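data.pdb follows (PDB, C-alpha atoms, pLDDT in the B column):
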ATOM      1  CA  MET G  43       2.266  40.722 -97.244  1.00 49.00           C
ATOM      2  CA  PRO G  44       2.304  41.566 -93.497  1.00 54.00           C
ATOM      3  CA  ALA G  45       5.479  43.631 -94.006  1.00 53.00           C
ATOM      4  CA  LEU G  46       3.688  46.098 -96.282  1.00 49.00           C
ATOM      5  CA  PRO G  47       1.356  47.578 -93.607  1.00 56.00           C
ATOM      6  CA  ARG G  48       4.380  48.018 -91.323  1.00 58.00           C
ATOM      7  CA  LEU G  49       6.101  50.092 -94.019  1.00 52.00           C
ATOM      8  CA  VAL G  50       3.055  52.174 -94.913  1.00 50.00           C
ATOM      9  CA  ALA G  51       2.602  53.816 -91.491  1.00 50.00           C
ATOM     10  CA  PRO G  52       6.180  55.172 -91.185  1.00 54.00           C
ATOM     11  CA  THR G  53       6.116  56.331 -94.804  1.00 49.00           C
ATOM     12  CA  LEU G  54       2.835  58.186 -94.276  1.00 47.00           C
ATOM     13  CA  ALA G  55       4.170  59.749 -91.084  1.00 50.00           C
ATOM     14  CA  ALA G  56       7.276  61.018 -92.889  1.00 50.00           C
ATOM     15  CA  LEU G  57       5.239  62.418 -95.779  1.00 45.00           C
ATOM     16  CA  SER G  58       2.814  64.097 -93.372  1.00 49.00           C
ATOM     17  CA  SER G  59       5.611  65.866 -91.513  1.00 49.00           C
ATOM     18  CA  LEU G  60       7.069  67.111 -94.803  1.00 45.00           C
ATOM     19  CA  ALA G  61       3.681  68.382 -95.944  1.00 46.00           C
ATOM     20  CA  LEU G  62       3.054  70.190 -92.656  1.00 43.00           C
ATOM     21  CA  GLY G  63       6.512  71.745 -92.796  1.00 43.00           C
ATOM     22  CA  ALA G  64       5.608  73.286 -96.141  1.00 42.00           C
ATOM     23  CA  CYS G  65       2.527  74.940 -94.594  1.00 42.00           C
ATOM     24  CA  VAL G  66       4.514  77.235 -92.322  1.00 42.00           C
ATOM     25  CA  SER G  67       3.423  80.752 -93.171  1.00 41.00           C
ATOM     26  CA  THR G  68       5.247  84.003 -92.827  1.00 45.00           C
ATOM     27  CA  PRO G  69       4.364  86.097 -89.803  1.00 48.00           C
ATOM     28  CA  GLY G  70       1.795  88.849 -90.181  1.00 49.00           C
ATOM     29  CA  PRO G  71       2.431  92.545 -89.694  1.00 51.00           C
ATOM     30  CA  GLU G  72       4.064  93.599 -86.462  1.00 55.00           C
ATOM     31  CA  VAL G  73       1.481  95.209 -84.210  1.00 54.00           C
ATOM     32  CA  LYS G  74       2.536  97.681 -81.575  1.00 56.00           C
ATOM     33  CA  GLY G  75       0.216  98.164 -78.630  1.00 55.00           C
ATOM     34  CA  PRO G  76      -2.843  96.110 -77.672  1.00 69.00           C
ATOM     35  CA  GLY G  77      -3.841  95.168 -81.235  1.00 80.00           C
ATOM     36  CA  LEU G  78      -7.319  96.656 -80.853  1.00 91.00           C
ATOM     37  CA  CYS G  79      -8.856  97.848 -84.106  1.00 94.00           C
ATOM     38  CA  LYS G  80      -9.818 101.506 -84.326  1.00 94.00           C
ATOM     39  CA  GLY G  81     -11.846 102.330 -87.448  1.00 92.00           C
ATOM     40  CA  ALA G  82     -11.946 106.120 -87.111  1.00 93.00           C
ATOM     41  CA  GLY G  83     -10.306 107.890 -90.030  1.00 94.00           C
ATOM     42  CA  LEU G  84     -10.071 104.878 -92.332  1.00 96.00           C
ATOM     43  CA  ASP G  85     -12.731 106.046 -94.813  1.00 96.00           C
ATOM     44  CA  TRP G  86      -9.982 107.396 -97.086  1.00 97.00           C
ATOM     45  CA  ALA G  87      -9.425 103.810 -98.294  1.00 97.00           C
ATOM     46  CA  VAL G  88     -12.907 103.411 -99.835  1.00 97.00           C
ATOM     47  CA  GLY G  89     -12.503 103.641-103.607  1.00 97.00           C
ATOM     48  CA  GLN G  90      -8.762 102.884-103.463  1.00 97.00           C
ATOM     49  CA  PRO G  91      -7.203  99.775-105.021  1.00 96.00           C
ATOM     50  CA  ALA G  92      -6.647  96.950-102.537  1.00 95.00           C
ATOM     51  CA  SER G  93      -2.889  96.938-103.010  1.00 95.00           C
ATOM     52  CA  GLU G  94      -0.342  95.656-100.533  1.00 94.00           C
ATOM     53  CA  ALA G  95       0.680  99.238 -99.734  1.00 94.00           C
ATOM     54  CA  THR G  96      -2.929 100.219 -98.983  1.00 95.00           C
ATOM     55  CA  MET G  97      -3.421  97.162 -96.758  1.00 94.00           C
ATOM     56  CA  ARG G  98      -0.214  97.911 -94.833  1.00 93.00           C
ATOM     57  CA  LYS G  99      -1.293 101.527 -94.327  1.00 95.00           C
ATOM     58  CA  LEU G 100      -4.726 100.404 -93.090  1.00 95.00           C
ATOM     59  CA  SER G 101      -3.082  97.930 -90.741  1.00 93.00           C
ATOM     60  CA  ALA G 102      -0.774 100.572 -89.300  1.00 93.00           C
ATOM     61  CA  GLN G 103      -3.488 103.238 -88.927  1.00 94.00           C
ATOM     62  CA  SER G 104      -6.104 100.928 -87.412  1.00 94.00           C
ATOM     63  CA  GLY G 105      -3.777  99.194 -84.955  1.00 92.00           C
ATOM     64  CA  ALA G 106      -5.567  95.927 -85.776  1.00 92.00           C
ATOM     65  CA  GLY G 107      -3.849  92.664 -85.040  1.00 89.00           C
ATOM     66  CA  LEU G 108      -5.526  91.077 -88.074  1.00 91.00           C
ATOM     67  CA  VAL G 109      -6.400  92.592 -91.454  1.00 92.00           C
ATOM     68  CA  ASN G 110      -8.989  90.418 -93.183  1.00 92.00           C
ATOM     69  CA  PRO G 111      -9.594  91.151 -96.896  1.00 94.00           C
ATOM     70  CA  ILE G 112     -13.105  90.106 -97.957  1.00 94.00           C
ATOM     71  CA  GLY G 113     -13.682  89.496-101.672  1.00 94.00           C
ATOM     72  CA  PRO G 114     -17.055  89.376-103.453  1.00 92.00           C
ATOM     73  CA  GLY G 115     -17.472  85.607-103.011  1.00 90.00           C
ATOM     74  CA  THR G 116     -15.936  85.321 -99.553  1.00 90.00           C
ATOM     75  CA  ILE G 117     -18.093  83.751 -96.859  1.00 90.00           C
ATOM     76  CA  THR G 118     -17.599  85.362 -93.459  1.00 89.00           C
ATOM     77  CA  THR G 119     -18.576  84.467 -89.927  1.00 88.00           C
ATOM     78  CA  ARG G 120     -20.592  86.722 -87.657  1.00 87.00           C
ATOM     79  CA  ASP G 121     -18.170  86.513 -84.777  1.00 89.00           C
ATOM     80  CA  LEU G 122     -16.840  89.836 -83.534  1.00 89.00           C
ATOM     81  CA  ARG G 123     -13.176  90.377 -82.790  1.00 90.00           C
ATOM     82  CA  GLN G 124     -11.827  93.590 -81.321  1.00 92.00           C
ATOM     83  CA  ASP G 125      -8.497  93.089 -83.077  1.00 92.00           C
ATOM     84  CA  ARG G 126      -9.799  92.495 -86.636  1.00 93.00           C
ATOM     85  CA  LEU G 127     -10.102  94.950 -89.515  1.00 95.00           C
ATOM     86  CA  ARG G 128     -12.219  93.692 -92.397  1.00 94.00           C
ATOM     87  CA  VAL G 129     -11.518  95.254 -95.781  1.00 96.00           C
ATOM     88  CA  PHE G 130     -14.319  94.616 -98.283  1.00 96.00           C
ATOM     89  CA  ILE G 131     -13.133  94.423-101.897  1.00 96.00           C
ATOM     90  CA  ASP G 132     -15.180  94.289-105.105  1.00 96.00           C
ATOM     91  CA  LYS G 133     -14.512  92.222-108.235  1.00 96.00           C
ATOM     92  CA  ASP G 134     -12.268  94.984-109.627  1.00 96.00           C
ATOM     93  CA  ASN G 135     -10.006  94.888-106.524  1.00 96.00           C
ATOM     94  CA  VAL G 136     -11.358  98.213-105.248  1.00 97.00           C
ATOM     95  CA  ILE G 137     -12.079  98.718-101.539  1.00 97.00           C
ATOM     96  CA  THR G 138     -15.801  99.243-100.900  1.00 97.00           C
ATOM     97  CA  ALA G 139     -15.846  99.310 -97.071  1.00 97.00           C
ATOM     98  CA  VAL G 140     -13.501  99.133 -94.089  1.00 97.00           C
ATOM     99  CA  ARG G 141     -14.818  98.041 -90.699  1.00 95.00           C
ATOM    100  CA  CYS G 142     -13.526  96.856 -87.362  1.00 95.00           C
ATOM    101  CA  GLU G 143     -15.533  93.757 -86.536  1.00 91.00           C
TER     102      GLU G 143
END

Translate this file's structure into structure tokens.
Amino acid sequence: MPALPRLVAPTLAALSSLALGACVSTPGPEVKGPGLCKGAGLDWAVGQPASEATMRKLSAQSGAGLVNPIGPGTITTRDLRQDRLRVFIDKDNVITAVRCE
């Protein structure tokens, strides 16, 4: 039986590397400039559907480095980031608020 533990560790290591390789995500939107979020003029999005096109437009107009959609059951932190745009979405996938925070 001593050979079994010697085989388990390399097998687990190989499986772990495969699993982590599958977690590679696609890059986010390209941000030109400093990536600081500017919320002025984004009120047009309130009442609009939270579609991919709307999110891309918000990202481009705000200059944010991170667009963070917040659904009705989403738990958020209170940390403030100058590069983050939070888009609050209701249960019907309609934008209820847009804030840099």

Find, counting all atoms listed in the file, the residue in G:Leu100, G:Cys142, G:Ala92, G:Ala82 that gets nearest to Arg128 of chain G.
-> G:Cys142

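Comparing the minimum interatomic distances between Asp125 of chain G and each of G:Ser104, G:Leu78, G:Asn110, G:Thr96, counting only C-alpha atoms, we find that G:Leu78 sits nearest.
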
The PyMOL selection byres ((chain G and resi 136) around 6) applied to the shown file, residues as a ChimeraX atom specification | /G:89-92,131-132,134-135,137

I need the residue set behind the PyMOL selection byres ((chain G and resi 127) around 9) for this file; please write it as an mmCIF file with C-alpha atoms, in the coordinates of the input.
data_model
loop_
_atom_site.group_PDB
_atom_site.id
_atom_site.type_symbol
_atom_site.label_atom_id
_atom_site.label_comp_id
_atom_site.auth_asym_id
_atom_site.auth_seq_id
_atom_site.Cartn_x
_atom_site.Cartn_y
_atom_site.Cartn_z
ATOM 1 C CA CYS G 79 -8.856 97.848 -84.106
ATOM 2 C CA LYS G 80 -9.818 101.506 -84.326
ATOM 3 C CA GLY G 81 -11.846 102.330 -87.448
ATOM 4 C CA LEU G 100 -4.726 100.404 -93.090
ATOM 5 C CA SER G 101 -3.082 97.930 -90.741
ATOM 6 C CA SER G 104 -6.104 100.928 -87.412
ATOM 7 C CA GLY G 105 -3.777 99.194 -84.955
ATOM 8 C CA ALA G 106 -5.567 95.927 -85.776
ATOM 9 C CA GLY G 107 -3.849 92.664 -85.040
ATOM 10 C CA LEU G 108 -5.526 91.077 -88.074
ATOM 11 C CA VAL G 109 -6.400 92.592 -91.454
ATOM 12 C CA ASN G 110 -8.989 90.418 -93.183
ATOM 13 C CA PRO G 111 -9.594 91.151 -96.896
ATOM 14 C CA ARG G 123 -13.176 90.377 -82.790
ATOM 15 C CA GLN G 124 -11.827 93.590 -81.321
ATOM 16 C CA ASP G 125 -8.497 93.089 -83.077
ATOM 17 C CA ARG G 126 -9.799 92.495 -86.636
ATOM 18 C CA ARG G 128 -12.219 93.692 -92.397
ATOM 19 C CA VAL G 129 -11.518 95.254 -95.781
ATOM 20 C CA VAL G 140 -13.501 99.133 -94.089
ATOM 21 C CA ARG G 141 -14.818 98.041 -90.699
ATOM 22 C CA CYS G 142 -13.526 96.856 -87.362
ATOM 23 C CA GLU G 143 -15.533 93.757 -86.536
#

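Rounded to one decimal, atom CA of Thr116 of chain G and atom CA of Gln103 of chain G lie 24.3 Å from each other.
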
At what distance in Å, to one decimal, does atom CA of Met97 of chain G lie from atom CA of Thr119 of chain G?
-> 20.9 Å

Tell me, in Å to one decimal, how far atom CA of Val88 of chain G is from atom CA of Ala102 of chain G.
-> 16.3 Å

Give, as AutoDock Vina command-line options, the centre coordinates and the x, y and z edge lengths in Å to one decimal for an axis-aligned box around all listed atoms of segment 75-84 of chain G, padded by 3 Å on each side.
--center_x -5.9 --center_y 101.5 --center_z -85.0 --size_x 18.2 --size_y 18.7 --size_z 20.7
